[in-house]
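**Q** After the structure tokens below, expect a handful of questions from me.
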Amino acid sequence: MSPSLSVTVDAEELGFDADRLRRIDTHFDKYVADGKIPGYLITVAREGEIAHIGAGGYRDVAAQAPVTADTIWRIYSMTKPITSVALMTYFEEGRFQLTDPVEWYIPSFAKTRVYAGGAAHNPTTVPTTEPIRIWHLLSHTAGLTYGFTRLHPCDEIHRLADMEFAFRFDQTLEEACDRWAEMPLLYQPGTRWSYSVATDVCGRLCEIFGGKPLDEVLAERVLTPLKMHDTTFVCREEEQHRMAELYATLGDGFFQAGSMAKWGKVRPAGLSGGGGLVSTAADYHRFTTMLLRGGELDGARILGPRTLDYMAANHLPGGVDLREAEVDGFSESAYDGVGFGLGFAVTLNPLASKMIASHGNFYWGGMASTAFFVDPTEQLTVQFFTQLIPSTTYPIRPELSQLVYQAIIE
């Protein structure tokens, strides 16, 4: 049975002002009324207890089907923390070192080179000065990229290979990794930061260490122990009526996203550890609560607390923030005062980020404007779900942060 979603403790008992929490709903209800998003679902929890649930609008506008507590959402890059956690369970078993070259496990990466100039059709490349290592993948410092960023000739190389959004629907993960290994890197591994397909390569490592497909690895290592039964790469046919429709925008209003909507409904040839999962608010609440509690929930120990603390530290070269480390100009995070760990963005300096948050707050989001954050200092977990591409359309994440923190009164 899948976990249910309900308020478990009165807001006041958890140090919130209930009236101030309702400002969150008022704010995003206006988003719906103004035709900016189709619908939304928000949860705010403290100490693992849900203090507030807000919902509005539709999961399917044409059918006038409202958002419900059990709505299933495409979480896209909110898949990345789950895959990163799964990979680190093998680290805890001594299966690899973070400094291991990826080519030891995926031999095609032994021939990877670095972009040095020229057009995408005929780039100049140079050898790597050191191999891509596993920690480079987890921290997005490997030099890999995404085709959809459209900011560098390396991005165009991905698009020329028909791999704009990670990899093709008919392409296996093994095939995709071998193809990425042939493409030039943006920079020498471990020297800069770029949002990328790196977590998909982490997913392939999970398959290699586990000896089974990624969906089985994630189920075994994370999803089943946490009772996240609605979180999967392909929503069961009998449950697809609960899935939210996928919408996109070019500025004003939104429209159904067409062929991209098949992701989550039809099994692709390869499973994307960087963006392939669908989930519910109840399921993802269990995942974020596990993170808040140092790797354990309801007796299921996924990671050790010191491993999780290490993952939520800043691993960018030289300890800099994303503003100094980024190279391609795209992120689903702010740049100033924000670092990146092994699977999450990490708040280093709330003053620099101009977002109310605690030092050590860690978070991420997804392409369809979903988001979550975990604040160990305030013992806070927050989730936001909608289905609007791209995630950069509206400043939902900073607005969500300021609306949640203003409601905390003790």
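Just remember, in the structure tokens the first chain shown is A, the second B, etc., residues are 1-based per chain, and ligands are 1-based in the order shown.
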Counting only C-alpha atoms, which residues in segment 318-395 of chain A sit no more than 12 Å from segment 55-66 of chain A? For each one, give the nearest pair of atoms and the distance in Å, sorted by chain then residue number, as a Markdown table.

**A**
```
| residue | atom | partner | partner_atom | distance |
| --- | --- | --- | --- | --- |
| A:Gln383 | CA | A:Ala55 | CA | 11.7 |
| A:Phe384 | CA | A:Ala55 | CA | 9.7 |
| A:Phe385 | CA | A:Ala55 | CA | 9.3 |
| A:Thr386 | CA | A:Arg59 | CA | 8.2 |
| A:Gln387 | CA | A:Arg59 | CA | 8.2 |
| A:Leu388 | CA | A:Arg59 | CA | 11.0 |
```

**Q** Quick one: everything within 7 Å of segment 17-31 of chain A, counting only C-alpha atoms, minus sequence neighbours fewer than 5 positions away in the same chain. Send it as a list in words.

**A**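 Near segment 17-31 of chain A, the qualifying residues are Ala11, Glu12, Lys36, Ile37, Gly54, Gly56, Leu403, Val404, Ala407, Ile408 and Ile409 of chain A.
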
**Q** Selected residues, N, CA and C atoms, written as a PDB file, in the first residue's frame, please.

**A**
```pdb
ATOM      1  N   ALA A  11      -0.020  22.876  12.964  1.00  0.00           N
ATOM      2  CA  ALA A  11       1.090  23.756  12.600  1.00  0.00           C
ATOM      3  C   ALA A  11       1.706  24.449  13.810  1.00  0.00           C
ATOM      4  N   GLU A  12       0.847  24.904  14.739  1.00  0.00           N
ATOM      5  CA  GLU A  12       1.335  25.649  15.905  1.00  0.00           C
ATOM      6  C   GLU A  12       2.254  24.796  16.774  1.00  0.00           C
ATOM      7  N   LYS A  36      -0.898  30.848 -15.160  1.00  0.00           N
ATOM      8  CA  LYS A  36       0.549  30.623 -15.247  1.00  0.00           C
ATOM      9  C   LYS A  36       0.914  29.148 -15.099  1.00  0.00           C
ATOM     10  N   ILE A  37       0.225  28.458 -14.218  1.00  0.00           N
ATOM     11  CA  ILE A  37       0.452  27.031 -14.031  1.00  0.00           C
ATOM     12  C   ILE A  37      -0.895  26.322 -14.022  1.00  0.00           C
ATOM     13  N   GLY A  54      -0.987  22.255   0.722  1.00  0.00           N
ATOM     14  CA  GLY A  54      -1.724  23.200  -0.115  1.00  0.00           C
ATOM     15  C   GLY A  54      -1.878  22.649  -1.511  1.00  0.00           C
ATOM     16  N   GLY A  56      -4.121  23.297  -5.492  1.00  0.00           N
ATOM     17  CA  GLY A  56      -5.043  24.082  -6.283  1.00  0.00           C
ATOM     18  C   GLY A  56      -4.914  23.751  -7.755  1.00  0.00           C
ATOM     19  N   LEU A 403       8.136  32.236   1.427  1.00  0.00           N
ATOM     20  CA  LEU A 403       6.805  32.044   1.988  1.00  0.00           C
ATOM     21  C   LEU A 403       6.805  31.020   3.117  1.00  0.00           C
ATOM     22  N   VAL A 404       7.666  30.014   3.028  1.00  0.00           N
ATOM     23  CA  VAL A 404       7.743  29.022   4.108  1.00  0.00           C
ATOM     24  C   VAL A 404       8.433  29.605   5.319  1.00  0.00           C
ATOM     25  N   ALA A 407       6.658  31.899   7.750  1.00  0.00           N
ATOM     26  CA  ALA A 407       5.618  31.274   8.576  1.00  0.00           C
ATOM     27  C   ALA A 407       6.164  30.620   9.843  1.00  0.00           C
ATOM     28  N   ILE A 408       7.484  30.514   9.954  1.00  0.00           N
ATOM     29  CA  ILE A 408       8.101  29.925  11.150  1.00  0.00           C
ATOM     30  C   ILE A 408       8.213  31.005  12.222  1.00  0.00           C
ATOM     31  N   ILE A 409       7.614  30.770  13.369  1.00  0.00           N
ATOM     32  CA  ILE A 409       7.651  31.789  14.431  1.00  0.00           C
ATOM     33  C   ILE A 409       8.375  31.313  15.680  1.00  0.00           C
TER      34      ILE A 409
END
```

**Q** Need the shell around segment 194-199 of chain A: protein/DNA/RNA residues with any atom at most 8 Å away, counting only C-alpha atoms. Skip same-chain ones fewer than 5 positions apart. Format as a PyMOL selection string?

**A** chain A and resi 80+83-84+137-138+140-146+166+273-274+326-331

**Q** I'd like to know which residues of segment 161-365 of chain A are alpha helix (DSSP H) (by DSSP, run on the backbone); could you write them as a ChimeraX atom specification?

**A** /A:173-182,198-210,214-218,281-292,305-311,322-325,350-353

**Q** Applying 8 Å and only C-alpha atoms, which residues near Asp155 of chain A remain after dropping the ones on its own chain fewer than 4 positions away? List them as a ChimeraX atom specification.

**A** /A:145-151,159,164

**Q** Calculated over only C-alpha atoms, which of the candidates A:Glu245, A:Glu103, A:Glu399, A:Glu130 has the smallest distance to Pro38 of chain A?

**A**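 Smallest separation from Pro38 of chain A among the options: A:Glu245.
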
**Q** Looking at only C-alpha atoms, which of A:Ala269, A:Leu380, A:Val222, A:Leu277 is the one that sits closest to Thr79 of chain A?

**A** A:Leu277

**Q** From the list A:Ala345, A:Ala368, A:Met260, A:Ile356, which residue is nearest Ser139 of chain A when using only C-alpha atoms?

**A**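 Between A:Ala345, A:Ala368, A:Met260, A:Ile356, the residue approaching Ser139 of chain A most closely is A:Ala345.
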
**Q** Pick out the residues sitting within 9 Å of Met355 of chain A, and hand them over as a PyMOL selection string; count only C-alpha atoms, and ignore anything fewer than 6 positions along from it in its own chain.

**A** chain A and resi 398-399+401-402

**Q** Where in segment 18-244 of chain A does DSSP assign strand (DSSP E or B), given as a PDB file with C-alpha atoms, in the first residue's frame?

**A**
```
ATOM      1  CA  GLY A  39      -2.182  23.264 -10.760  1.00  0.00           C
ATOM      2  CA  TYR A  40       0.066  22.641  -7.778  1.00  0.00           C
ATOM      3  CA  LEU A  41       0.592  20.641  -4.601  1.00  0.00           C
ATOM      4  CA  ILE A  42       2.754  21.804  -1.665  1.00  0.00           C
ATOM      5  CA  THR A  43       3.773  20.116   1.563  1.00  0.00           C
ATOM      6  CA  VAL A  44       5.543  21.732   4.508  1.00  0.00           C
ATOM      7  CA  ALA A  45       6.876  19.469   7.255  1.00  0.00           C
ATOM      8  CA  ARG A  46       8.977  19.890  10.368  1.00  0.00           C
ATOM      9  CA  GLU A  49       5.573  15.748  10.618  1.00  0.00           C
ATOM     10  CA  ILE A  50       3.441  17.399   7.939  1.00  0.00           C
ATOM     11  CA  ALA A  51       2.130  20.755   9.130  1.00  0.00           C
ATOM     12  CA  HIS A  52       0.614  22.052   5.904  1.00  0.00           C
ATOM     13  CA  ILE A  53      -0.674  20.771   2.579  1.00  0.00           C
ATOM     14  CA  GLY A  54      -1.724  23.200  -0.115  1.00  0.00           C
ATOM     15  CA  ALA A  55      -3.280  22.328  -3.463  1.00  0.00           C
ATOM     16  CA  GLY A  56      -5.043  24.082  -6.283  1.00  0.00           C
ATOM     17  CA  GLY A  57      -5.880  23.926  -9.966  1.00  0.00           C
ATOM     18  CA  TYR A  58      -5.930  20.872 -12.199  1.00  0.00           C
ATOM     19  CA  ARG A  59      -3.781  17.870 -12.911  1.00  0.00           C
ATOM     20  CA  ASP A  60      -5.580  17.730 -16.296  1.00  0.00           C
ATOM     21  CA  ALA A  65      -9.555  16.885 -13.128  1.00  0.00           C
ATOM     22  CA  PRO A  66      -8.327  18.610  -9.968  1.00  0.00           C
ATOM     23  CA  ILE A  72       1.401  11.339  -9.731  1.00  0.00           C
ATOM     24  CA  TRP A  73       3.975  13.805 -11.056  1.00  0.00           C
ATOM     25  CA  ARG A  74       6.940  13.582 -13.424  1.00  0.00           C
ATOM     26  CA  PRO A 101      38.162   6.638 -12.650  1.00  0.00           C
ATOM     27  CA  ARG A 113      38.694  14.341 -24.735  1.00  0.00           C
ATOM     28  CA  VAL A 114      38.112  18.019 -23.898  1.00  0.00           C
ATOM     29  CA  TYR A 115      36.736  20.739 -26.194  1.00  0.00           C
ATOM     30  CA  ALA A 116      39.367  23.314 -27.188  1.00  0.00           C
ATOM     31  CA  GLY A 117      37.599  25.299 -29.913  1.00  0.00           C
ATOM     32  CA  THR A 124      39.180  20.813 -31.813  1.00  0.00           C
ATOM     33  CA  THR A 125      39.869  18.674 -28.758  1.00  0.00           C
ATOM     34  CA  VAL A 126      42.734  17.946 -26.386  1.00  0.00           C
ATOM     35  CA  PRO A 127      43.400  14.978 -24.081  1.00  0.00           C
ATOM     36  CA  ARG A 133      36.201  10.222 -11.465  1.00  0.00           C
ATOM     37  CA  LEU A 185      33.923  17.632 -22.415  1.00  0.00           C
ATOM     38  CA  TRP A 193      30.786  22.892 -12.782  1.00  0.00           C
ATOM     39  CA  THR A 232       8.792   4.344 -10.619  1.00  0.00           C
ATOM     40  CA  MET A 243      -0.935  11.252 -13.505  1.00  0.00           C
TER      41      MET A 243
END
```

**Q** Can you work out the spacing between atom CA of Ala86 of chain A and atom CA of Glu174 of chain A in Å, to one decimal?

**A** 18.1 Å

**Q** Can you list, as a PDB file with N, CA and C atoms, in the first residue's frame, every protein, DNA or RNA residue that comes within 8 Å of Thr381 of chain A when you count only C-alpha atoms, leaving out same-chain residues fewer than 4 positions away?

**A**
```pdb
ATOM      1  N   VAL A  44       4.577  21.136   3.594  1.00  0.00           N
ATOM      2  CA  VAL A  44       5.543  21.732   4.508  1.00  0.00           C
ATOM      3  C   VAL A  44       5.572  20.857   5.756  1.00  0.00           C
ATOM      4  N   ALA A  45       6.755  20.372   6.109  1.00  0.00           N
ATOM      5  CA  ALA A  45       6.876  19.469   7.255  1.00  0.00           C
ATOM      6  C   ALA A  45       8.037  19.917   8.147  1.00  0.00           C
ATOM      7  N   ARG A  46       7.910  19.603   9.412  1.00  0.00           N
ATOM      8  CA  ARG A  46       8.977  19.890  10.368  1.00  0.00           C
ATOM      9  C   ARG A  46       9.126  18.684  11.292  1.00  0.00           C
ATOM     10  N   GLY A  48       9.783  15.863  10.468  1.00  0.00           N
ATOM     11  CA  GLY A  48       9.164  14.718   9.803  1.00  0.00           C
ATOM     12  C   GLY A  48       7.652  14.706   9.828  1.00  0.00           C
ATOM     13  N   HIS A 285       7.904  12.848   0.198  1.00  0.00           N
ATOM     14  CA  HIS A 285       8.008  13.265   1.597  1.00  0.00           C
ATOM     15  C   HIS A 285       8.776  12.229   2.403  1.00  0.00           C
ATOM     16  N   THR A 288      12.514  12.732   1.525  1.00  0.00           N
ATOM     17  CA  THR A 288      13.133  13.907   2.151  1.00  0.00           C
ATOM     18  C   THR A 288      13.205  13.755   3.671  1.00  0.00           C
ATOM     19  N   THR A 289      12.238  13.065   4.264  1.00  0.00           N
ATOM     20  CA  THR A 289      12.299  12.823   5.708  1.00  0.00           C
ATOM     21  C   THR A 289      13.468  11.907   6.049  1.00  0.00           C
ATOM     22  N   LEU A 292      16.446  14.114   6.024  1.00  0.00           N
ATOM     23  CA  LEU A 292      16.463  14.953   7.224  1.00  0.00           C
ATOM     24  C   LEU A 292      16.935  14.166   8.432  1.00  0.00           C
ATOM     25  N   PHE A 372      12.205  20.718  -4.097  1.00  0.00           N
ATOM     26  CA  PHE A 372      12.183  20.329  -2.689  1.00  0.00           C
ATOM     27  C   PHE A 372      13.371  20.966  -1.994  1.00  0.00           C
ATOM     28  N   PHE A 373      13.286  21.135  -0.678  1.00  0.00           N
ATOM     29  CA  PHE A 373      14.474  21.456   0.096  1.00  0.00           C
ATOM     30  C   PHE A 373      14.398  20.836   1.475  1.00  0.00           C
ATOM     31  N   VAL A 374      15.579  20.592   2.033  1.00  0.00           N
ATOM     32  CA  VAL A 374      15.743  20.009   3.362  1.00  0.00           C
ATOM     33  C   VAL A 374      16.621  20.954   4.167  1.00  0.00           C
ATOM     34  N   ASP A 375      16.131  21.401   5.308  1.00  0.00           N
ATOM     35  CA  ASP A 375      16.874  22.316   6.181  1.00  0.00           C
ATOM     36  C   ASP A 375      17.117  21.623   7.511  1.00  0.00           C
TER      37      ASP A 375
END
```

**Q** How many Å lie between atom CA of Leu173 of chain A and atom CA of Glu239 of chain A, rounded to one decimal?

**A**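 Those two atoms sit 26.0 Å apart.
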
**Q** Restricting the calculation to only C-alpha atoms, which member of A:Glu207, A:Asp200, A:Glu175, A:Asp252 is positioned closest to Glu220 of chain A?

**A**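 Nearest to Glu220 of chain A: A:Glu207.
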
**Q** In Å to one decimal, how far is atom CA of Pro268 of chain A from atom CA of Phe167 of chain A?

**A** 10.2 Å

**Q** Could you pull the residues within 6 Å of Ile157 of chain A, counting only C-alpha atoms, minus those fewer than 3 positions along the same chain, as a list in words?

**A**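 Selected residues are Ala120, Cys154 and Leu160 of chain A.
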